[in-house]
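K.L.:
Here it is, the structure, as structure tokens.
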Amino acid sequence: MRHLILACIVGAGSAAAQEAADAVAPEGATAGTFEALSAEAAAALEVKSAGQPVEAENWMVAAANPHAVEAGAAMLRAGGSAADAMVAVQTVLGLVEPQSSGLGGGAFLVWYDAATGELTTLDGRETAPLDATPTLFQEENGEPLKFFDAVVGGRSVGTPGTPALLETAHRRWGRANWPSLFEPAIQLAEEGFSVSPRLAGLVADDAERLARFPATADYFLPDGAPIAEGATLLNPDYAATLRALAQGGAGAFYTGSIAAEIIRTVTTAKGNPGVLSATDLALYQVKERPAVCAAYRDFETCGMGPPSSGALTVGQILGMLNSYDLAALGAESAEAWRLIGDASRLAFADRGRYMADSDFVPVPAHGLVAADYLASRAELLQGHDALPEVAPGAPEFDHALMLADDESIELPSTSHISIVDQYGNVLSMTTTIENAFGSRLMAAGFLLNNELTDFSFRTHVNGVPIANRLEPGKRPRSSMAPTIVLRDGKPVLAIGSPGGSRIIGYVAKSIVAWADWEMDIQQALALPHLVNRFGTYDLEARTSAEGLEEALTDMGYEVNIRDLTSGLHAIEIGEGLKGAADPRREGIALGG
């Protein structure tokens, strides 16, 4: 397999595509960073560093850490399905990249079934505790809490969904023996793994918050100092939890001693206890939702509907761009980015007004991505300057509805997994504990989420309710956008990213780069980011995106140059497979 990986170093694309590949340097992710990797994984890191996609014939996995990718590859190599590989990848990510995702969080999964041609989306998003009140994140005077005053501690913890999602996916599409899927993570947890540069840096940056809780501090700050890059870290508590899941299924997580430890940790969190109960854990269920698909060129982009805003907003952005010739404008054109940026602003205006958990709030999902509605919104993009202001539109809807605009904050963390197996099944899954290190609470070897802070802290504006307000049992709105792109009903791309509400822009930009600007998938992921959600145009620092600052300012935008650390992972599906991993992170693609 090594020759398949190394062969793809040869060759060169267009000058613009090559510039995109060179624009962002890997964040310390070299073969030397990860000791004891296989020759294939080390070669995959070399290929990514060279700005090229990994090529393979039968199967592929792309994720945020080489150890996790190797675990998934082992399952695929042994004949397992994409669902089997996902369980192995996720359980290792929860160990080696605990700040981003894990058993204490939630996920959205998009699955294409090769045997039936059906697309399925599974909602493993966390739920608000039944004892949560709409004013949980407000001061006594009704004003919202400061963000980190709400995040750090038990108040922000929702009912985790990831363990139930792992089991649900395996029961539907798994081929391998369930206990075997946990073996790679158990071995790493018991024998230890080398702390990556990214994990060490994030621990150091967040040390003050991590130090607030003894179990968290003991793990991440041994002897009072942040864990160091290259240090060997063991997690026997996590290994014990995984053994319980391997033997007892997800039920071992939602009831019994693990559940009791979660509840105790949340409800006794010093200074900021939460209201999660044993009943909340026992009642948790994964939900199958209708996929949201939107047309773009001769493709369909499909993903997770509400409570995710990802597929709707990505679909809206691309749908508005459908009538504009981005291919002719090119990736260096300020005019192209004006169109992309203002399409995003219009989509985010609709997102803030209409999108929330559809079990609690009617959402005009069909109307928001209807071709005639998007065509009417696209007319607003005519001209040559930035839109002076944007407002929500009026999509066709079968409910009378008055809602106020949302004010929720969604900060970047999260992780994304893309997998194609030898049977032709395709999986795209975005997984999270929300903010980096979540609530900073650790129980049974894993971190607990802070997903409840994805709700709007306010419930109403001038007496008008906000769709994404907190309600018992409700799932907070998310920007996670696991996506499968279809052409003629067949998958041609699996893609997604972490990044808070900027996920939507990262995914939309990468699809445009791949579909319109004819970049290979690695070049599309590496292309510098330009993201506009609410008016300010964020340009990725230390990249060629900075060269567009003057032109965009002249168009009327306020411009902010800043780091934009996505974590895109994608697989292009054609005659063979091409896998790509974001050079801004430590991940790789590996295939065979």
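FYI, nothing fancy with the structure tokens labels: chains A, B, ... in order, residues from 1 per chain, ligands from 1 as they appear.
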Near Glu97 (chain A), within 9 Å and counting only C-alpha atoms, which residues show up once chain neighbours fewer than 3 positions away are dropped, as a PDB file with C-alpha atoms, in the first residue's frame?
P.N.:
ATOM      1  CA  ALA A  64      -7.869  14.346  12.896  1.00  0.00           C
ATOM      2  CA  ASN A  65      -5.130  12.170  14.418  1.00  0.00           C
ATOM      3  CA  VAL A  92      -9.258   6.698  19.807  1.00  0.00           C
ATOM      4  CA  LEU A  93     -10.008  10.378  19.100  1.00  0.00           C
ATOM      5  CA  GLY A  94     -11.624  10.601  22.529  1.00  0.00           C
ATOM      6  CA  SER A 100     -12.509  18.059  20.662  1.00  0.00           C
ATOM      7  CA  SER A 101     -14.803  15.039  20.904  1.00  0.00           C
ATOM      8  CA  GLY A 102     -15.488  11.872  22.836  1.00  0.00           C
ATOM      9  CA  SER A 196       0.816  15.742  20.289  1.00  0.00           C
ATOM     10  CA  ARG A 198      -1.651  20.493  19.406  1.00  0.00           C
ATOM     11  CA  LEU A 199      -2.902  18.833  22.594  1.00  0.00           C
ATOM     12  CA  SER A 415     -13.620  16.909  14.923  1.00  0.00           C
TER      13      SER A 415
END
K.L.:
Please identify every residue of region 330-443 of chain A that has at least one atom no farther than 10 Å from an atom of region 487-499 of chain A, counting only C-alpha atoms, and for each give the shortest atom pair and the distance in Å to one decimal, arranged by chain then increasing number, as a tab-separated table.
P.N.:
residue	atom	partner	partner_atom	distance
A:Glu410	CA	A:Gly499	CA	8.8
A:Leu411	CA	A:Gly499	CA	7.1
A:Pro412	CA	A:Gly499	CA	4.0
A:Ser413	CA	A:Gly499	CA	5.7
A:Thr414	CA	A:Pro498	CA	4.7
A:Ser415	CA	A:Pro498	CA	5.1
A:His416	CA	A:Ser497	CA	5.3
A:Ile417	CA	A:Gly496	CA	7.5
A:Ser418	CA	A:Ala494	CA	6.0
A:Ile419	CA	A:Ala494	CA	7.7
A:Val420	CA	A:Ala494	CA	8.5
A:Gly424	CA	A:Pro491	CA	9.2
A:Asn425	CA	A:Pro491	CA	9.1
A:Val426	CA	A:Ala494	CA	7.2
A:Leu427	CA	A:Ala494	CA	7.1
A:Ser428	CA	A:Ala494	CA	5.8
A:Met429	CA	A:Gly496	CA	7.4
A:Thr430	CA	A:Gly496	CA	6.6
A:Thr431	CA	A:Pro498	CA	8.2
A:Thr432	CA	A:Pro498	CA	8.2
A:Glu434	CA	A:Pro498	CA	9.5
A:Asn435	CA	A:Gly499	CA	9.8
K.L.:
With only C-alpha atoms as the atoms that count, which of A:Ile317, A:Gly224, A:Arg562, A:Arg155 lies nearest to Thr268 (chain A)?
P.N.:
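Closest residue, counting only C-alpha atoms: A:Arg155.
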K.L.:
Using the chain letters and numbers from this document, which residues of region 153-350 of chain A does DSSP assign to helix (DSSP H, G or I), as a PyMOL selection string?
P.N.:
chain A and resi 154-156+162-173+178-191+197-205+207-210+214-220+222-224+236-248+251-254+256-267+278-283+310-321+326-329+334-350
K.L.:
Determine the nearest neighbour of Pro163 (chain A) from the options A:Val286, A:Leu37, A:Ala327, A:Leu346, counting only C-alpha atoms.
P.N.:
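Checking each of A:Val286, A:Leu37, A:Ala327, A:Leu346 against Pro163 (chain A), counting only C-alpha atoms, the winner is A:Val286.
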K.L.:
Would you mind listing what lies within 12 Å of Glu546 (chain A) as a PyMOL selection string, with only C-alpha atoms counted and same-chain residues fewer than 6 positions away left out?
P.N.:
chain A and resi 23+332+334+528-530+537-540+552-553+559-563
K.L.:
Need the shell around Tyr423 (chain A): protein/DNA/RNA residues with any atom at most 9 Å away, counting only C-alpha atoms. Skip same-chain ones fewer than 6 positions apart. Format as a PyMOL selection string?
P.N.:
chain A and resi 58-59+81-82+114-115
K.L.:
Mind writing the picked residues with N, CA and C atoms as a PDB file, in the first residue's frame?
P.N.:
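New file part.pdb:
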ATOM      1  N   ASN A  58      -9.683   0.911  -2.826  1.00  0.00           N
ATOM      2  CA  ASN A  58     -10.821   0.200  -2.247  1.00  0.00           C
ATOM      3  C   ASN A  58     -11.444   0.874  -1.032  1.00  0.00           C
ATOM      4  N   TRP A  59     -10.619   1.428  -0.147  1.00  0.00           N
ATOM      5  CA  TRP A  59     -11.159   2.031   1.069  1.00  0.00           C
ATOM      6  C   TRP A  59     -10.296   3.211   1.496  1.00  0.00           C
ATOM      7  N   SER A  81     -16.826  -2.565   8.003  1.00  0.00           N
ATOM      8  CA  SER A  81     -17.549  -1.523   7.283  1.00  0.00           C
ATOM      9  C   SER A  81     -17.101  -0.145   7.761  1.00  0.00           C
ATOM     10  N   ALA A  82     -17.587   0.883   7.075  1.00  0.00           N
ATOM     11  CA  ALA A  82     -17.306   2.256   7.494  1.00  0.00           C
ATOM     12  C   ALA A  82     -17.838   2.519   8.893  1.00  0.00           C
ATOM     13  N   ALA A 114     -24.401   1.674  -0.038  1.00  0.00           N
ATOM     14  CA  ALA A 114     -24.149   1.267  -1.420  1.00  0.00           C
ATOM     15  C   ALA A 114     -25.139   0.216  -1.894  1.00  0.00           C
ATOM     16  N   ALA A 115     -25.596  -0.642  -0.990  1.00  0.00           N
ATOM     17  CA  ALA A 115     -26.493  -1.727  -1.399  1.00  0.00           C
ATOM     18  C   ALA A 115     -27.871  -1.214  -1.777  1.00  0.00           C
TER      19      ALA A 115
END
K.L.:
Residues within 8 Å of Ile521 (chain A), please, as a PyMOL selection string. Count only C-alpha atoms; anything in the same chain fewer than 6 positions from it doesn't count.
P.N.:
chain A and resi 53+514+570-572+578-580
K.L.:
Any idea what's packed within 7 Å of Pro306 (chain A), counting only C-alpha atoms, ignoring anything in its chain fewer than 5 positions away? Could you give it as a list of chain:residue names?
P.N.:
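The residues satisfying every condition are A:Met355, A:Ala356, A:Asp357, A:Ser358.
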K.L.:
DSSP on the backbone: which residues in region 191-356 of chain A end up as strand (DSSP E or B)? Give the answer as a list in words.
P.N.:
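Strand (DSSP E or B) assignments inside region 191-356 of chain A correspond to Phe193, Ser194, Thr232, Leu233, Lys287, Glu288, Arg289, Val292, Cys293, Ala294, Ala295, Tyr296, Phe299, Glu300, Thr301, Cys302, Gly303 and Ser308 of chain A.
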K.L.:
Quick one: write out the picked residues with C-alpha atoms as a tab-separated table (two decimals), in the first residue's frame?
P.N.:
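The file below, part.tsv, is the result:
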chain	number	residue	atom	x	y	z
A	193	PHE	CA	0.41	7.53	23.74
A	194	SER	CA	2.68	10.44	22.92
A	232	THR	CA	3.57	9.56	27.39
A	233	LEU	CA	0.03	9.82	28.69
A	287	LYS	CA	-32.98	10.02	16.17
A	288	GLU	CA	-33.06	9.37	12.46
A	289	ARG	CA	-33.86	12.60	10.61
A	292	VAL	CA	-31.39	17.90	3.74
A	293	CYS	CA	-30.21	18.10	0.13
A	294	ALA	CA	-29.66	21.15	-2.06
A	295	ALA	CA	-28.67	21.46	-5.72
A	296	TYR	CA	-25.32	22.94	-6.76
A	299	PHE	CA	-24.34	18.00	-7.76
A	300	GLU	CA	-26.50	17.57	-4.70
A	301	THR	CA	-25.02	18.47	-1.31
A	302	CYS	CA	-26.67	16.39	1.40
A	303	GLY	CA	-26.36	16.47	5.15
A	308	SER	CA	-28.07	21.13	12.79
K.L.:
Please determine, counting only C-alpha atoms, which residue among A:Leu283, A:Ile186, A:Val485, A:Met320 has the shortest atom-to-atom distance to Tyr112 (chain A).
P.N.:
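Closest to Tyr112 (chain A), using only C-alpha atoms: A:Val485.
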K.L.:
Taking 6 positions as the minimum chain separation for residues in the same chain, which residues sit within 10 Å of Gly251 (chain A) when counting only C-alpha atoms? Answer as a PyMOL selection string.
P.N.:
chain A and resi 163-164+167+244-245+258-259+281-282
K.L.:
Under the rule that only C-alpha atoms are counted, which of A:Ala207, A:Val69, A:Val157, A:Met60 is the nearest residue to Leu45 (chain A)?
P.N.:
A:Val69
